[in-house]
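Participant: mmCIF, C-alpha atoms, file input-v6.cif:
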```cif
data_entry
loop_
_atom_site.group_PDB
_atom_site.id
_atom_site.type_symbol
_atom_site.label_atom_id
_atom_site.label_comp_id
_atom_site.auth_asym_id
_atom_site.auth_seq_id
_atom_site.Cartn_x
_atom_site.Cartn_y
_atom_site.Cartn_z
ATOM 1 C CA MET Y 1 133.399 91.332 112.715
ATOM 2 C CA MET Y 2 131.154 93.699 114.696
ATOM 3 C CA ARG Y 3 132.971 96.876 115.723
ATOM 4 C CA ALA Y 4 132.409 98.722 118.966
ATOM 5 C CA PRO Y 5 131.013 102.251 118.591
ATOM 6 C CA TRP Y 6 133.620 105.025 118.866
ATOM 7 C CA PRO Y 7 132.704 106.115 122.425
ATOM 8 C CA ALA Y 8 133.219 102.536 123.573
ATOM 9 C CA PHE Y 9 136.561 102.496 121.782
ATOM 10 C CA VAL Y 10 137.659 105.608 123.662
ATOM 11 C CA CYS Y 11 136.576 104.015 126.943
ATOM 12 C CA LEU Y 12 138.722 100.986 126.149
ATOM 13 C CA VAL Y 13 141.730 103.254 125.568
ATOM 14 C CA THR Y 14 141.255 105.317 128.715
ATOM 15 C CA CYS Y 15 140.228 102.527 131.054
ATOM 16 C CA ALA Y 16 143.218 100.438 130.027
ATOM 17 C CA PHE Y 17 145.521 102.975 131.674
ATOM 18 C CA GLY Y 18 143.646 103.106 134.956
ATOM 19 C CA SER Y 19 141.889 105.893 136.798
ATOM 20 C CA SER Y 20 145.172 107.289 138.163
ATOM 21 C CA ALA Y 21 145.837 108.782 134.737
ATOM 22 C CA ILE Y 22 142.607 110.786 134.760
ATOM 23 C CA ALA Y 23 143.055 114.486 135.520
ATOM 24 C CA GLN Y 24 140.467 116.109 137.772
ATOM 25 C CA ALA Y 25 138.506 119.230 136.861
ATOM 26 C CA PRO Y 26 139.828 122.633 138.014
ATOM 27 C CA GLN Y 27 139.052 123.239 141.681
ATOM 28 C CA ASP Y 28 137.125 126.461 141.009
ATOM 29 C CA SER Y 29 136.131 128.726 138.154
ATOM 30 C CA THR Y 30 139.124 131.038 138.649
ATOM 31 C CA SER Y 31 141.816 128.367 138.738
ATOM 32 C CA VAL Y 32 143.877 127.258 135.759
ATOM 33 C CA LYS Y 33 144.885 123.670 135.125
ATOM 34 C CA VAL Y 34 148.001 122.825 133.148
ATOM 35 C CA THR Y 35 148.468 119.196 132.092
ATOM 36 C CA LEU Y 36 151.816 118.097 130.695
ATOM 37 C CA LEU Y 37 150.456 115.540 128.245
ATOM 38 C CA GLY Y 38 153.807 114.899 126.581
ATOM 39 C CA THR Y 39 157.211 115.801 128.036
ATOM 40 C CA GLY Y 40 159.518 113.903 125.704
ATOM 41 C CA SER Y 41 161.875 114.560 122.841
ATOM 42 C CA PRO Y 42 162.090 113.208 119.262
ATOM 43 C CA THR Y 43 163.440 109.973 120.760
ATOM 44 C CA LEU Y 44 160.716 107.289 120.879
ATOM 45 C CA SER Y 45 159.471 106.643 124.402
ATOM 46 C CA ALA Y 46 156.332 105.093 125.861
ATOM 47 C CA GLU Y 47 156.916 106.974 129.120
ATOM 48 C CA ARG Y 48 157.458 110.400 127.569
ATOM 49 C CA MET Y 49 155.321 111.226 124.533
ATOM 50 C CA GLY Y 50 156.070 114.109 122.192
ATOM 51 C CA PRO Y 51 155.693 117.718 123.383
ATOM 52 C CA CYS Y 52 152.076 118.579 124.150
ATOM 53 C CA THR Y 53 150.571 120.746 126.908
ATOM 54 C CA LEU Y 54 146.908 121.305 127.765
ATOM 55 C CA VAL Y 55 145.784 124.522 129.483
ATOM 56 C CA GLU Y 56 142.226 124.630 130.871
ATOM 57 C CA THR Y 57 140.108 127.209 132.646
ATOM 58 C CA GLY Y 58 136.332 127.455 132.705
ATOM 59 C CA ASN Y 59 135.112 126.246 129.306
ATOM 60 C CA ASP Y 60 138.391 126.976 127.537
ATOM 61 C CA ARG Y 61 140.684 124.097 126.584
ATOM 62 C CA LEU Y 62 143.794 125.107 124.649
ATOM 63 C CA LEU Y 63 146.401 122.679 123.348
ATOM 64 C CA PHE Y 64 149.993 123.794 122.864
ATOM 65 C CA ASP Y 65 151.927 121.659 120.371
ATOM 66 C CA ALA Y 66 150.814 118.232 119.180
ATOM 67 C CA GLY Y 67 153.698 115.823 119.452
ATOM 68 C CA ARG Y 68 153.644 112.077 118.909
ATOM 69 C CA GLY Y 69 151.158 110.324 121.194
ATOM 70 C CA CYS Y 70 149.253 113.499 122.033
ATOM 71 C CA ALA Y 71 145.892 111.982 121.073
ATOM 72 C CA ILE Y 72 146.504 108.979 123.359
ATOM 73 C CA ARG Y 73 147.273 111.235 126.315
ATOM 74 C CA LEU Y 74 144.139 113.292 125.605
ATOM 75 C CA ALA Y 75 142.112 110.079 125.702
ATOM 76 C CA GLN Y 76 143.689 109.213 129.050
ATOM 77 C CA VAL Y 77 142.610 112.508 130.614
ATOM 78 C CA ARG Y 78 139.191 112.178 128.958
ATOM 79 C CA VAL Y 79 139.095 115.515 127.212
ATOM 80 C CA PRO Y 80 135.836 115.669 125.197
ATOM 81 C CA TRP Y 81 136.940 115.738 121.574
ATOM 82 C CA ARG Y 82 134.221 118.114 120.460
ATOM 83 C CA GLU Y 83 135.523 120.702 122.949
ATOM 84 C CA LEU Y 84 139.112 120.621 121.716
ATOM 85 C CA THR Y 85 139.180 123.123 118.861
ATOM 86 C CA HIS Y 86 142.267 125.321 119.375
ATOM 87 C CA VAL Y 87 145.890 124.218 118.911
ATOM 88 C CA PHE Y 88 148.873 126.569 119.212
ATOM 89 C CA LEU Y 89 152.206 125.516 117.692
ATOM 90 C CA THR Y 90 155.503 126.787 119.057
ATOM 91 C CA HIS Y 91 157.304 125.944 115.801
ATOM 92 C CA LEU Y 92 157.129 123.549 112.879
ATOM 93 C CA HIS Y 93 159.572 120.810 113.842
ATOM 94 C CA ALA Y 94 157.896 117.455 113.276
ATOM 95 C CA ASP Y 95 158.183 116.261 116.885
ATOM 96 C CA HIS Y 96 155.783 119.095 117.791
ATOM 97 C CA THR Y 97 153.283 118.479 114.973
ATOM 98 C CA PHE Y 98 153.091 114.700 114.364
ATOM 99 C CA ALA Y 99 149.644 114.372 116.001
ATOM 100 C CA LEU Y 100 147.848 117.108 114.030
ATOM 101 C CA PRO Y 101 146.258 114.749 111.451
ATOM 102 C CA ASP Y 102 145.217 112.451 114.300
ATOM 103 C CA LEU Y 103 143.553 115.314 116.202
ATOM 104 C CA TYR Y 104 141.897 116.577 113.026
ATOM 105 C CA ASP Y 105 140.508 113.252 111.815
ATOM 106 C CA MET Y 106 139.762 111.460 115.080
ATOM 107 C CA GLY Y 107 138.300 114.585 116.646
ATOM 108 C CA TRP Y 108 135.836 114.770 113.765
ATOM 109 C CA ILE Y 109 135.058 111.049 113.911
ATOM 110 C CA LEU Y 110 134.384 111.331 117.657
ATOM 111 C CA GLY Y 111 132.005 114.250 117.389
ATOM 112 C CA ARG Y 112 133.746 117.557 116.790
ATOM 113 C CA VAL Y 113 131.629 119.717 114.488
ATOM 114 C CA ASP Y 114 133.545 122.993 114.751
ATOM 115 C CA PRO Y 115 136.663 123.579 112.646
ATOM 116 C CA LEU Y 116 140.025 122.697 114.165
ATOM 117 C CA GLU Y 117 141.722 126.063 114.688
ATOM 118 C CA VAL Y 118 145.502 125.765 114.363
ATOM 119 C CA HIS Y 119 147.617 128.800 115.253
ATOM 120 C CA GLY Y 120 151.294 128.762 114.398
ATOM 121 C CA PRO Y 121 154.229 130.476 112.695
ATOM 122 C CA ALA Y 122 154.557 131.218 108.993
ATOM 123 C CA GLY Y 123 154.237 127.989 107.012
ATOM 124 C CA THR Y 124 151.577 126.472 109.297
ATOM 125 C CA GLY Y 125 148.880 126.558 106.601
ATOM 126 C CA GLU Y 126 150.977 124.861 103.941
ATOM 127 C CA MET Y 127 152.187 122.207 106.385
ATOM 128 C CA LEU Y 128 148.685 121.452 107.667
ATOM 129 C CA THR Y 129 147.225 121.207 104.165
ATOM 130 C CA ALA Y 130 149.922 118.704 103.165
ATOM 131 C CA MET Y 131 149.369 116.638 106.314
ATOM 132 C CA ILE Y 132 145.607 116.458 105.833
ATOM 133 C CA ARG Y 133 145.942 115.565 102.155
ATOM 134 C CA GLY Y 134 147.511 112.329 103.336
ATOM 135 C CA ILE Y 135 144.313 111.264 105.106
ATOM 136 C CA ASP Y 136 141.903 112.311 102.333
ATOM 137 C CA PRO Y 137 141.075 108.652 101.503
ATOM 138 C CA ASP Y 138 139.997 108.020 105.090
ATOM 139 C CA ILE Y 139 137.759 111.103 105.184
ATOM 140 C CA ALA Y 140 136.244 110.342 101.762
ATOM 141 C CA SER Y 141 135.332 106.787 102.778
ATOM 142 C CA ARG Y 142 133.581 107.988 105.937
ATOM 143 C CA LEU Y 143 131.617 110.606 104.019
ATOM 144 C CA ARG Y 144 130.462 107.917 101.567
ATOM 145 C CA SER Y 145 129.311 105.792 104.501
ATOM 146 C CA VAL Y 146 127.283 108.685 105.980
ATOM 147 C CA PRO Y 147 126.301 110.962 103.065
ATOM 148 C CA THR Y 148 124.524 113.450 105.345
ATOM 149 C CA ARG Y 149 127.629 114.055 107.400
ATOM 150 C CA LYS Y 150 129.478 117.334 106.985
ATOM 151 C CA PRO Y 151 133.197 116.998 106.152
ATOM 152 C CA PRO Y 152 135.722 118.106 108.757
ATOM 153 C CA ALA Y 153 137.103 121.619 108.549
ATOM 154 C CA TYR Y 154 140.182 123.446 109.783
ATOM 155 C CA HIS Y 155 141.499 126.986 109.864
ATOM 156 C CA ALA Y 156 145.214 127.744 109.919
ATOM 157 C CA THR Y 157 146.141 131.135 111.380
ATOM 158 C CA GLU Y 158 149.751 132.193 110.908
ATOM 159 C CA ILE Y 159 150.621 134.403 113.838
ATOM 160 C CA GLN Y 160 153.143 137.090 114.755
ATOM 161 C CA PRO Y 161 154.448 137.997 118.218
ATOM 162 C CA GLY Y 162 151.748 139.645 120.310
ATOM 163 C CA VAL Y 163 148.272 138.735 121.535
ATOM 164 C CA VAL Y 164 147.029 135.800 119.435
ATOM 165 C CA TYR Y 165 143.904 134.697 121.327
ATOM 166 C CA GLU Y 166 141.382 136.277 123.704
ATOM 167 C CA HIS Y 167 138.235 134.629 125.010
ATOM 168 C CA GLY Y 168 136.320 134.615 128.284
ATOM 169 C CA GLY Y 169 139.037 136.553 130.103
ATOM 170 C CA MET Y 170 141.826 134.317 128.813
ATOM 171 C CA LYS Y 171 144.609 135.957 126.820
ATOM 172 C CA VAL Y 172 147.397 134.155 124.951
ATOM 173 C CA THR Y 173 150.487 136.103 123.930
ATOM 174 C CA ALA Y 174 153.170 134.740 121.599
ATOM 175 C CA PHE Y 175 156.782 135.882 121.772
ATOM 176 C CA ASP Y 176 159.879 135.056 119.750
ATOM 177 C CA VAL Y 177 162.452 132.603 121.099
ATOM 178 C CA PRO Y 178 165.790 131.586 119.531
ATOM 179 C CA HIS Y 179 165.855 128.041 118.157
ATOM 180 C CA SER Y 180 167.261 126.167 115.165
ATOM 181 C CA ILE Y 181 164.170 127.025 113.122
ATOM 182 C CA SER Y 182 162.620 130.461 112.729
ATOM 183 C CA PRO Y 183 160.148 131.700 113.644
ATOM 184 C CA ALA Y 184 159.770 129.873 116.942
ATOM 185 C CA PHE Y 185 157.489 131.025 119.726
ATOM 186 C CA GLY Y 186 156.984 130.778 123.430
ATOM 187 C CA TYR Y 187 153.548 131.511 124.860
ATOM 188 C CA ARG Y 188 152.227 133.373 127.881
ATOM 189 C CA ILE Y 189 148.694 132.596 129.088
ATOM 190 C CA ASP Y 190 146.950 135.092 131.401
ATOM 191 C CA VAL Y 191 143.545 134.470 132.963
ATOM 192 C CA ASN Y 192 141.861 135.498 136.224
ATOM 193 C CA GLY Y 193 145.088 136.965 137.559
ATOM 194 C CA ARG Y 194 146.948 133.667 136.962
ATOM 195 C CA SER Y 195 149.859 133.412 134.543
ATOM 196 C CA ILE Y 196 151.622 130.547 132.792
ATOM 197 C CA VAL Y 197 154.553 130.709 130.378
ATOM 198 C CA LEU Y 198 155.538 127.883 128.031
ATOM 199 C CA SER Y 199 159.083 128.295 126.742
ATOM 200 C CA GLY Y 200 158.734 126.236 123.574
ATOM 201 C CA ASP Y 201 162.068 125.077 122.153
ATOM 202 C CA THR Y 202 164.630 127.741 122.943
ATOM 203 C CA ARG Y 203 168.151 128.625 123.810
ATOM 204 C CA TYR Y 204 168.740 130.970 126.769
ATOM 205 C CA SER Y 205 166.389 133.867 125.992
ATOM 206 C CA GLU Y 206 166.134 137.382 127.413
ATOM 207 C CA THR Y 207 162.773 137.741 125.633
ATOM 208 C CA LEU Y 208 161.501 134.707 127.504
ATOM 209 C CA ILE Y 209 162.716 136.175 130.785
ATOM 210 C CA ARG Y 210 160.868 139.450 130.133
ATOM 211 C CA ASN Y 211 157.625 137.614 129.390
ATOM 212 C CA ALA Y 212 157.990 135.301 132.390
ATOM 213 C CA GLN Y 213 158.645 137.882 135.107
ATOM 214 C CA GLY Y 214 156.905 136.783 138.285
ATOM 215 C CA VAL Y 215 154.595 134.264 136.578
ATOM 216 C CA ASP Y 216 152.842 131.584 138.532
ATOM 217 C CA VAL Y 217 154.230 128.728 136.423
ATOM 218 C CA LEU Y 218 157.099 128.585 133.932
ATOM 219 C CA VAL Y 219 157.226 125.379 131.884
ATOM 220 C CA HIS Y 220 160.712 125.192 130.382
ATOM 221 C CA GLU Y 221 162.540 122.792 128.099
ATOM 222 C CA VAL Y 222 165.961 121.329 128.983
ATOM 223 C CA VAL Y 223 168.808 119.408 127.352
ATOM 224 C CA PHE Y 224 171.630 117.592 129.150
ATOM 225 C CA GLY Y 225 174.209 114.840 128.829
ATOM 226 C CA ALA Y 226 175.486 115.368 125.281
ATOM 227 C CA SER Y 227 178.776 113.664 124.400
ATOM 228 C CA THR Y 228 178.908 113.153 120.626
ATOM 229 C CA THR Y 229 179.304 115.847 117.990
ATOM 230 C CA GLU Y 230 175.737 115.342 116.798
ATOM 231 C CA GLN Y 231 174.372 115.580 120.341
ATOM 232 C CA LEU Y 232 176.362 118.748 120.982
ATOM 233 C CA GLN Y 233 174.882 120.305 117.849
ATOM 234 C CA ILE Y 234 171.399 119.565 119.185
ATOM 235 C CA THR Y 235 172.377 121.034 122.551
ATOM 236 C CA ASN Y 236 173.262 124.319 120.871
ATOM 237 C CA ALA Y 237 169.602 124.815 119.955
ATOM 238 C CA HIS Y 238 168.284 124.181 123.470
ATOM 239 C CA THR Y 239 168.820 125.183 127.109
ATOM 240 C CA LEU Y 240 171.186 123.547 129.578
ATOM 241 C CA PRO Y 241 170.047 123.169 133.216
ATOM 242 C CA GLU Y 242 172.485 125.823 134.451
ATOM 243 C CA GLN Y 243 171.148 128.230 131.821
ATOM 244 C CA ALA Y 244 167.549 127.390 132.713
ATOM 245 C CA GLY Y 245 168.442 127.997 136.357
ATOM 246 C CA GLN Y 246 169.646 131.472 135.403
ATOM 247 C CA VAL Y 247 166.324 132.071 133.631
ATOM 248 C CA PHE Y 248 164.421 130.975 136.742
ATOM 249 C CA ALA Y 249 166.592 133.090 139.059
ATOM 250 C CA THR Y 250 165.963 136.193 136.945
ATOM 251 C CA ALA Y 251 162.281 135.652 136.100
ATOM 252 C CA LYS Y 252 161.372 134.413 139.588
ATOM 253 C CA PRO Y 253 158.363 132.181 138.778
ATOM 254 C CA LYS Y 254 156.460 130.716 141.703
ATOM 255 C CA LEU Y 255 156.975 127.292 140.125
ATOM 256 C CA ALA Y 256 159.428 126.256 137.418
ATOM 257 C CA ILE Y 257 158.890 122.835 135.888
ATOM 258 C CA TYR Y 258 160.842 121.048 133.174
ATOM 259 C CA SER Y 259 159.194 119.576 130.090
ATOM 260 C CA HIS Y 260 160.445 118.505 126.639
ATOM 261 C CA LEU Y 261 163.378 116.721 128.253
ATOM 262 C CA ILE Y 262 166.243 115.889 125.889
ATOM 263 C CA LEU Y 263 168.487 113.737 128.066
ATOM 264 C CA PHE Y 264 171.385 111.970 126.407
ATOM 265 C CA GLY Y 265 171.827 109.329 129.084
ATOM 266 C CA ALA Y 266 171.481 111.819 131.936
ATOM 267 C CA SER Y 267 169.012 111.256 134.771
ATOM 268 C CA ASP Y 268 166.427 113.529 136.346
ATOM 269 C CA ASP Y 269 168.735 113.822 139.362
ATOM 270 C CA ASP Y 270 171.571 114.988 137.101
ATOM 271 C CA VAL Y 271 169.366 117.759 135.704
ATOM 272 C CA MET Y 272 168.212 118.865 139.139
ATOM 273 C CA ALA Y 273 171.747 118.879 140.536
ATOM 274 C CA ALA Y 274 172.960 121.076 137.675
ATOM 275 C CA THR Y 275 169.979 123.419 138.105
ATOM 276 C CA ARG Y 276 170.569 123.727 141.843
ATOM 277 C CA LYS Y 277 174.031 125.128 141.204
ATOM 278 C CA VAL Y 278 172.420 128.431 140.226
ATOM 279 C CA TYR Y 279 168.784 128.270 141.425
ATOM 280 C CA SER Y 280 167.352 127.492 144.855
ATOM 281 C CA GLY Y 281 163.668 128.197 144.190
ATOM 282 C CA ARG Y 282 160.824 125.784 143.538
ATOM 283 C CA VAL Y 283 161.619 123.665 140.492
ATOM 284 C CA GLU Y 284 160.384 120.208 139.503
ATOM 285 C CA MET Y 285 160.841 117.626 136.780
ATOM 286 C CA GLY Y 286 157.727 117.204 134.665
ATOM 287 C CA THR Y 287 156.392 113.790 133.695
ATOM 288 C CA ASP Y 288 153.660 112.858 131.255
ATOM 289 C CA LEU Y 289 150.214 113.481 132.777
ATOM 290 C CA THR Y 290 151.554 115.762 135.501
ATOM 291 C CA VAL Y 291 148.769 118.203 136.440
ATOM 292 C CA ILE Y 292 149.538 121.681 137.767
ATOM 293 C CA GLU Y 293 146.624 123.427 139.456
ATOM 294 C CA VAL Y 294 147.104 127.206 139.610
ATOM 295 C CA GLY Y 295 144.761 128.845 142.096
ATOM 296 C CA ASN Y 296 145.341 130.533 145.441
ATOM 297 C CA ASN Y 297 148.087 127.936 145.761
ATOM 298 C CA ILE Y 298 150.006 125.995 143.132
ATOM 299 C CA SER Y 299 149.711 122.225 143.443
ATOM 300 C CA VAL Y 300 151.387 119.520 141.401
ATOM 301 C CA ARG Y 301 149.774 116.078 140.941
ATOM 302 C CA ARG Y 302 151.449 113.167 139.224
ATOM 303 C CA PRO Y 303 149.630 110.138 137.787
#
```
Represent the structure from my file as structure tokens, please.
Facilitator:
Amino acid sequence: MMRAPWPAFVCLVTCAFGSSAIAQAPQDSTSVKVTLLGTGSPTLSAERMGPCTLVETGNDRLLFDAGRGCAIRLAQVRVPWRELTHVFLTHLHADHTFALPDLYDMGWILGRVDPLEVHGPAGTGEMLTAMIRGIDPDIASRLRSVPTRKPPAYHATEIQPGVVYEHGGMKVTAFDVPHSISPAFGYRIDVNGRSIVLSGDTRYSETLIRNAQGVDVLVHEVVFGASTTEQLQITNAHTLPEQAGQVFATAKPKLAIYSHLILFGASDDDVMAATRKVYSGRVEMGTDLTVIEVGNNISVRRP
């Protein structure tokens, strides 16, 4: 059977979802675009993929976490694979890392020549090596088919709290957050006077509040609706809407938006109602492929 070339394959994937899923370029060179590629939890969902957020400005495209389905969402927003070279992990739970082998292998197949740079907490290198070992047969077969091709490469950088990336005026700062695995990080991205904070997986955190003071956008996780003992144990590692509302009220972001939703039967309206008990500012529920444009104004577009 004749196979379509890889670019045609990508077109089939993206076109199948329709043009409404395609994110537009930043409005100007000083704006920052945040795309919530995946807003889900470990629970399987076609509507909410695993945690994954894309931050773009100028020629910089940075990916934060790589949850299940991340590569599909990237295809939908038509991110050129060769330009996606930097991934930042908040922590090493599998629902935030499932897509790393996919990004590594498919990115190379579709034209990336630079190494995949993966930044994450202690243990990132060992985890990534083990993941990639599992796809060695695939890589070896492709190298045999095209002997002149260079094998894919990656670099794992195990980071500490502080500035972890600077390029073209963009600065990424990692900070500790309390979760059920340690270390776990949140990230602050500063560029052109704009600021975005990603909470990562966290309980209520004073460190997060300090790093998010007055930011343009605060993307925060949330958990709600637990009833069983197991669900309550999960809740203890995350942030309830009332607690998130307290974070928002203290940090005072221009926009707070929920992602990584862990909802045990609760609805979006339930989360918003609980948040509104303690916070009256601008807050929204994130969905997969929601685009936040941070410029002179902050706009939110949904697919």
Participant: Atom CA of His238 of chain Y and atom CA of Thr202 of chain Y are how many Å apart?
Facilitator: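 Separation of atom CA of His238 of chain Y and atom CA of Thr202 of chain Y: 5.1 Å.
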Participant: Mind pulling up the distance from atom CA of Leu84 of chain Y to atom CA of Gly186 of chain Y?
Facilitator: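 Atom-to-atom, atom CA of Gly186 of chain Y to atom CA of Leu84 of chain Y, that is 20.6 Å.
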Participant: Hey, which of Y:Pro152, Y:Gly245, Y:Pro101, Y:Gly162 ends up closest to Arg133 of chain Y? Count all atoms listed in the file.
Facilitator: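 Of the candidates, the smallest distance to Arg133 of chain Y is held by Y:Pro101.
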Participant: With distances taken over only C-alpha atoms, which residue among Y:Thr228, Y:Ser182, Y:Asn59, Y:Gln76 lies nearest Gly123 of chain Y?
Facilitator: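 For Gly123 of chain Y, the nearest of the given residues is Y:Ser182.
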Participant: Using all atoms listed in the file, what residues lie at most 12 Å away from (156.0, 116.2, 116.6) (file coordinates), given as a VMD selection string?
Facilitator: chain Y and resid 38 to 44 49 to 52 64 to 71 89 to 102 260
Participant: Might you pull out every residue within 9 Å of segment 170-179 of chain Y, with all atoms listed in the file counted and same-chain residues fewer than 5 positions away left off, and present them as a VMD selection string?
Facilitator: chain Y and resid 57 60 90 159 to 165 184 to 192 199 to 208 211 236 to 238
Participant: When you count only C-alpha atoms, which of these residues is closest to His167 of chain Y: Y:Leu37, Y:Pro151, Y:Met285, Y:His86?
Facilitator: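 When distances to His167 of chain Y are compared using only C-alpha atoms, the smallest one comes from Y:His86.
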Participant: Between atom CA of Glu166 of chain Y and atom CA of Val32 of chain Y, what distance in Å does the model show, to one decimal?
Facilitator: 15.3 Å
Participant: Evaluate the PyMOL selection byres ((chain Y and resi 150) around 12) and record the selected residues as number ranges by chain, following the chain and residue labels used in the document.
Facilitator: Y: 108-109, 111-115, 139-140, 142-149, 151-153
Participant: Name every residue that the PyMOL selection byres ((chain Y and resi 216) around 10) selects in this structure, writing the answer as a VMD selection string with chains first and numbers rising.
Facilitator: chain Y and resid 190 193 to 197 212 to 215 217 to 218 252 to 256 294 to 295 297 to 298
Participant: Please evaluate the PyMOL selection byres ((chain Y and resi 119) around 7) against the structure above and give the resulting residues as a PyMOL selection string.
Facilitator: chain Y and resi 87-89+117-118+120+156-159
Participant: Just the residues within 9 Å of Ile132 of chain Y, please, counting all atoms listed in the file, with nothing from its chain fewer than 3 positions along; format it as a ChimeraX atom specification.
Facilitator: /Y:100-101,104-105,127-129,135-136
Participant: Which of these, Y:Leu63, Y:Ala122, Y:Leu36, Y:Val247, has the shortest distance to Thr287 of chain Y once you count all atoms listed in the file?
Facilitator: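 Using all atoms listed in the file, the shortest distance to Thr287 of chain Y belongs to Y:Leu36.
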Participant: Give the centre and edge lengths of an axis-aligned box, in Å to one decimal, that holds all listed atoms of segment 90-107 of chain Y with 6 Å on each side, as AutoDock Vina command-line options.
Facilitator:
```
--center_x 148.9 --center_y 119.1 --center_z 115.3 --size_x 33.3 --size_y 27.3 --size_z 19.6
```
